[in-house]
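Asker: Take this structure, written in structure tokens, and hold onto it; I'll ask about it next.
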Amino acid sequence: MSEVSVTKDAAPAAEDLVVLDNVNKHFGALHVLQDIDLKIARGEVVVVIGPSGSGKSTLCRTINRLETVDSGHISIDGKPLPQEGKPLAKLRADVGMVFQAFNLFAHKTVLENVMLGQTKVRRTEKQAAETKARALLDRVGVGNQADKYPAQLSGGQQQRVAIARALAMDPKVMLFDEPTSALDPEMINEVLEVMKQLADEGMTMVVVTHEMGFARSAANRVVFMSDGRIVEEATPDQFFNNPRSDRAKDFLAKILHH
Amino acid sequence: MNVLLDHLDLFRDGFIGTVSLTAASAALALILGVLIAGFRVSPVPPLRAFGTAWVTLLRNTPLTLLFLVAFFVLPQVLFPGISSYVLGVLALGFYTSSFVCEAVRSGISTVPLGQAEAARSLGMTFVQTLRMVVLPQATRTVLPPLSSIMIALTKNSAIAGAFNNPELFSVQKVLSDKGYNVMVIFVWVALAYLVLVFLISGFFRLLERRMEVAR
């Protein structure tokens, strides 16, 4: 009897790494996420754009349950998001997150920031963790800052360290919550380049951003949100050159011609 | 004659008594206080409720009343024949733990929420997040109020003297019973407390300077 429902529940295809199914969330009276359905395939780069307050950051944060949802289902790699506790922590280790405000651990050096998750969560040997951390720091171009504290680095450098810290966990998917919004203009590119490189290497990424250039060049798919709903989903070419919805046309007109 | 020089051993025992009571109950208060603060910010509702009840009950009870409970109720109900030193440490430690808890909790709330979010998103558990990321950064903010709490504890330990514990303040009673001038005794007792309190605040100032974190 139960076999029927099991086969039905195991519906998400193997390629779908992140699945949001009919997700709703309220902040008090505000309905920030309304009936969100979103599937992200393995290796896909999805860029979420939209006006402020459209719920795109909240959407990003629900994927690793930094925000809880009121209804609907979210699953990662076929497993539904567990409740608070050890299983959730375990799942979060597989989901890298990069924040707008960097959130590097202020009391730890850059190197320790990148090692902490490896040694305490993955239980990696200290020596191996350090080797890996240094390699990652080199890769994002801040290898020579390893022994400094986060406050001694520029915003762009801090954000690249944050990316290295997330990558150190070998995540299945990376979430970027407006990673360049707190940066000075000249530092935005150095972060975007690291992200572009990551996308080219086949990392599955969900990127909430206002950087249309990045969306054009790196995204497989653009998701446009407005007032808590996904209004439009399209390839970057289609979306930027020929948006279907009025809301998206209006948004693009405002940001592209000024 | 000089009351201090004539009874140096008595003063010394009293001083040691105060130091020992203070140190033991400070250790107890710190351990319990940090633990209960963890309870109060934990995601588990029963633990939060326990923490709130602990603080409400102990912080709002007069210390003397706690001593009365510890000395006249506790031995009857639970542990007969327990020493007055242990009872004194328990009463002082439990009482002070509620203040330590609130100081620690205020320190925790000064650490930006993003720090805990970053730790959780790396897969760290609540306890790991608190122990490795939040508490180390809260420590510096907690030190000044903690210093005040420890000074208060030192002076509060005098109440244990009234409950059959040799310590500084009880020296006064012994000597005034012998007919010495109370005012002179008090001057020496006060000086001894002053030495202790200066040591404590100096120690905390040293810690504070060591823990400066660049942000």
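Residue numbering restarts at 1 for every chain of the structure tokens, chains are lettered A, B, ... in their displayed order, and ligands are numbered from 1 as they appear.
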Show me, as a list in words, the residues of chain A whose atoms get within 6 Å of chain B, using only C-alpha atoms for the distance check.

Answerer: Ala89, Lys90, Arg92, Ala93, Asn103, Gly117 and Ala151 of chain A

Asker: If we count only C-alpha atoms, what is near Ala162 in chain B at a cut-off of 12 Å, once residues fewer than 3 positions away on the same chain are taken out, given as a list of chain:residue names?

Answerer: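 Surrounding residues, per the criterion: B:Thr64, B:Phe67, B:Leu68, B:Phe71, B:Ser84, B:Tyr85, B:Gly88, B:Asn156, B:Ser157, B:Ala158, B:Ile159, B:Asn165, B:Pro166, B:Glu167, B:Leu168, B:Phe169, B:Ser170, B:Val171, B:Gln172, B:Lys173, B:Val174.
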
Asker: Quick one: pull the distance between CA of Met225 in chain A and CA of Gly50 in chain A, Å, one decimal.

Answerer: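 Separating CA of Met225 in chain A from CA of Gly50 in chain A is a distance of 4.9 Å.
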
Asker: Find the residues around range 143-146 of chain B up to 9 Å (only C-alpha atoms counted), leave out those fewer than 4 positions away in its own chain, and share them as an NGL selection string.

Answerer: :B and (99-100 or 103-104 or 107 or 138-139 or 150-151 or 201 or 204-205 or 207-208)

Asker: For Glu15 in chain A, work out the shell of residues within 9 Å, counting only C-alpha atoms and skipping chain neighbours fewer than 5 positions away, then give it as an MDAnalysis selection string.

Answerer: chainID A and resid 40:43 77

Asker: Go ahead and save the residues from that selection, with N, CA, C and O atoms, as a compact mmCIF listing (two decimals), in the first residue's frame.

Answerer:
```
# COMPACT_ATOMS: atom_id res chain seq x y z
N ILE A 40 16.26 23.53 -9.18
CA ILE A 40 17.59 23.89 -9.62
C ILE A 40 18.36 22.61 -9.92
O ILE A 40 18.51 21.75 -9.05
N ALA A 41 18.80 22.49 -11.15
CA ALA A 41 19.47 21.26 -11.58
C ALA A 41 20.92 21.28 -11.13
O ALA A 41 21.49 22.33 -10.87
N ARG A 42 21.49 20.08 -11.05
CA ARG A 42 22.91 19.97 -10.73
C ARG A 42 23.75 20.71 -11.76
O ARG A 42 23.53 20.55 -12.96
N GLY A 43 24.67 21.55 -11.28
CA GLY A 43 25.54 22.27 -12.20
C GLY A 43 24.94 23.54 -12.77
O GLY A 43 25.58 24.25 -13.54
N ASP A 77 19.15 17.59 -2.85
CA ASP A 77 19.67 16.31 -3.28
C ASP A 77 18.72 15.17 -2.90
O ASP A 77 19.15 14.13 -2.40
```

Asker: Could you state the separation of CA of Tyr193 in chain B and CA of Val142 in chain B in Å, given to one decimal place?

Answerer: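 Result for CA of Tyr193 in chain B versus CA of Val142 in chain B: 23.5 Å, one decimal.
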
Asker: Which residues are near Phe50 in chain B? Cut-off 9 Å, only C-alpha atoms, ignore same chain within fewer than 3 positions. Put them as a list in words.

Answerer: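 Residues near the query, excluding close chain neighbours: Ile36, Phe39, Arg40, Pro45, Pro46, Leu47, Ala53, Trp54 and Val55 of chain B.
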
Asker: Calculated over only C-alpha atoms, which of the candidates B:Phe79, B:Tyr180, B:Trp188, B:Phe163 has the smallest distance to Leu65 in chain B?

Answerer: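 Between B:Phe79, B:Tyr180, B:Trp188, B:Phe163, the residue approaching Leu65 in chain B most closely is B:Phe163.
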
Asker: Counting only C-alpha atoms, which residue out of B:Lys155, B:Gly33, B:Ser147, B:Val41 sits closest to Ser98 in chain B?

Answerer: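 Checking each of B:Lys155, B:Gly33, B:Ser147, B:Val41 against Ser98 in chain B, counting only C-alpha atoms, the winner is B:Gly33.
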
Asker: Work out how far CA of Asp94 in chain A is from CA of Arg229 in chain A, in Å to one decimal.

Answerer: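 So the two atoms, CA of Arg229 in chain A and CA of Asp94 in chain A, lie 26.9 Å apart.
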
Asker: In terms of the shortest atom-to-atom distance over only C-alpha atoms, which of A:Leu256, A:Ala128, A:Val161, A:Leu175 is closest to Val98 in chain A?

Answerer: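 Nearest candidate to Val98 in chain A out of A:Leu256, A:Ala128, A:Val161, A:Leu175: A:Leu175.
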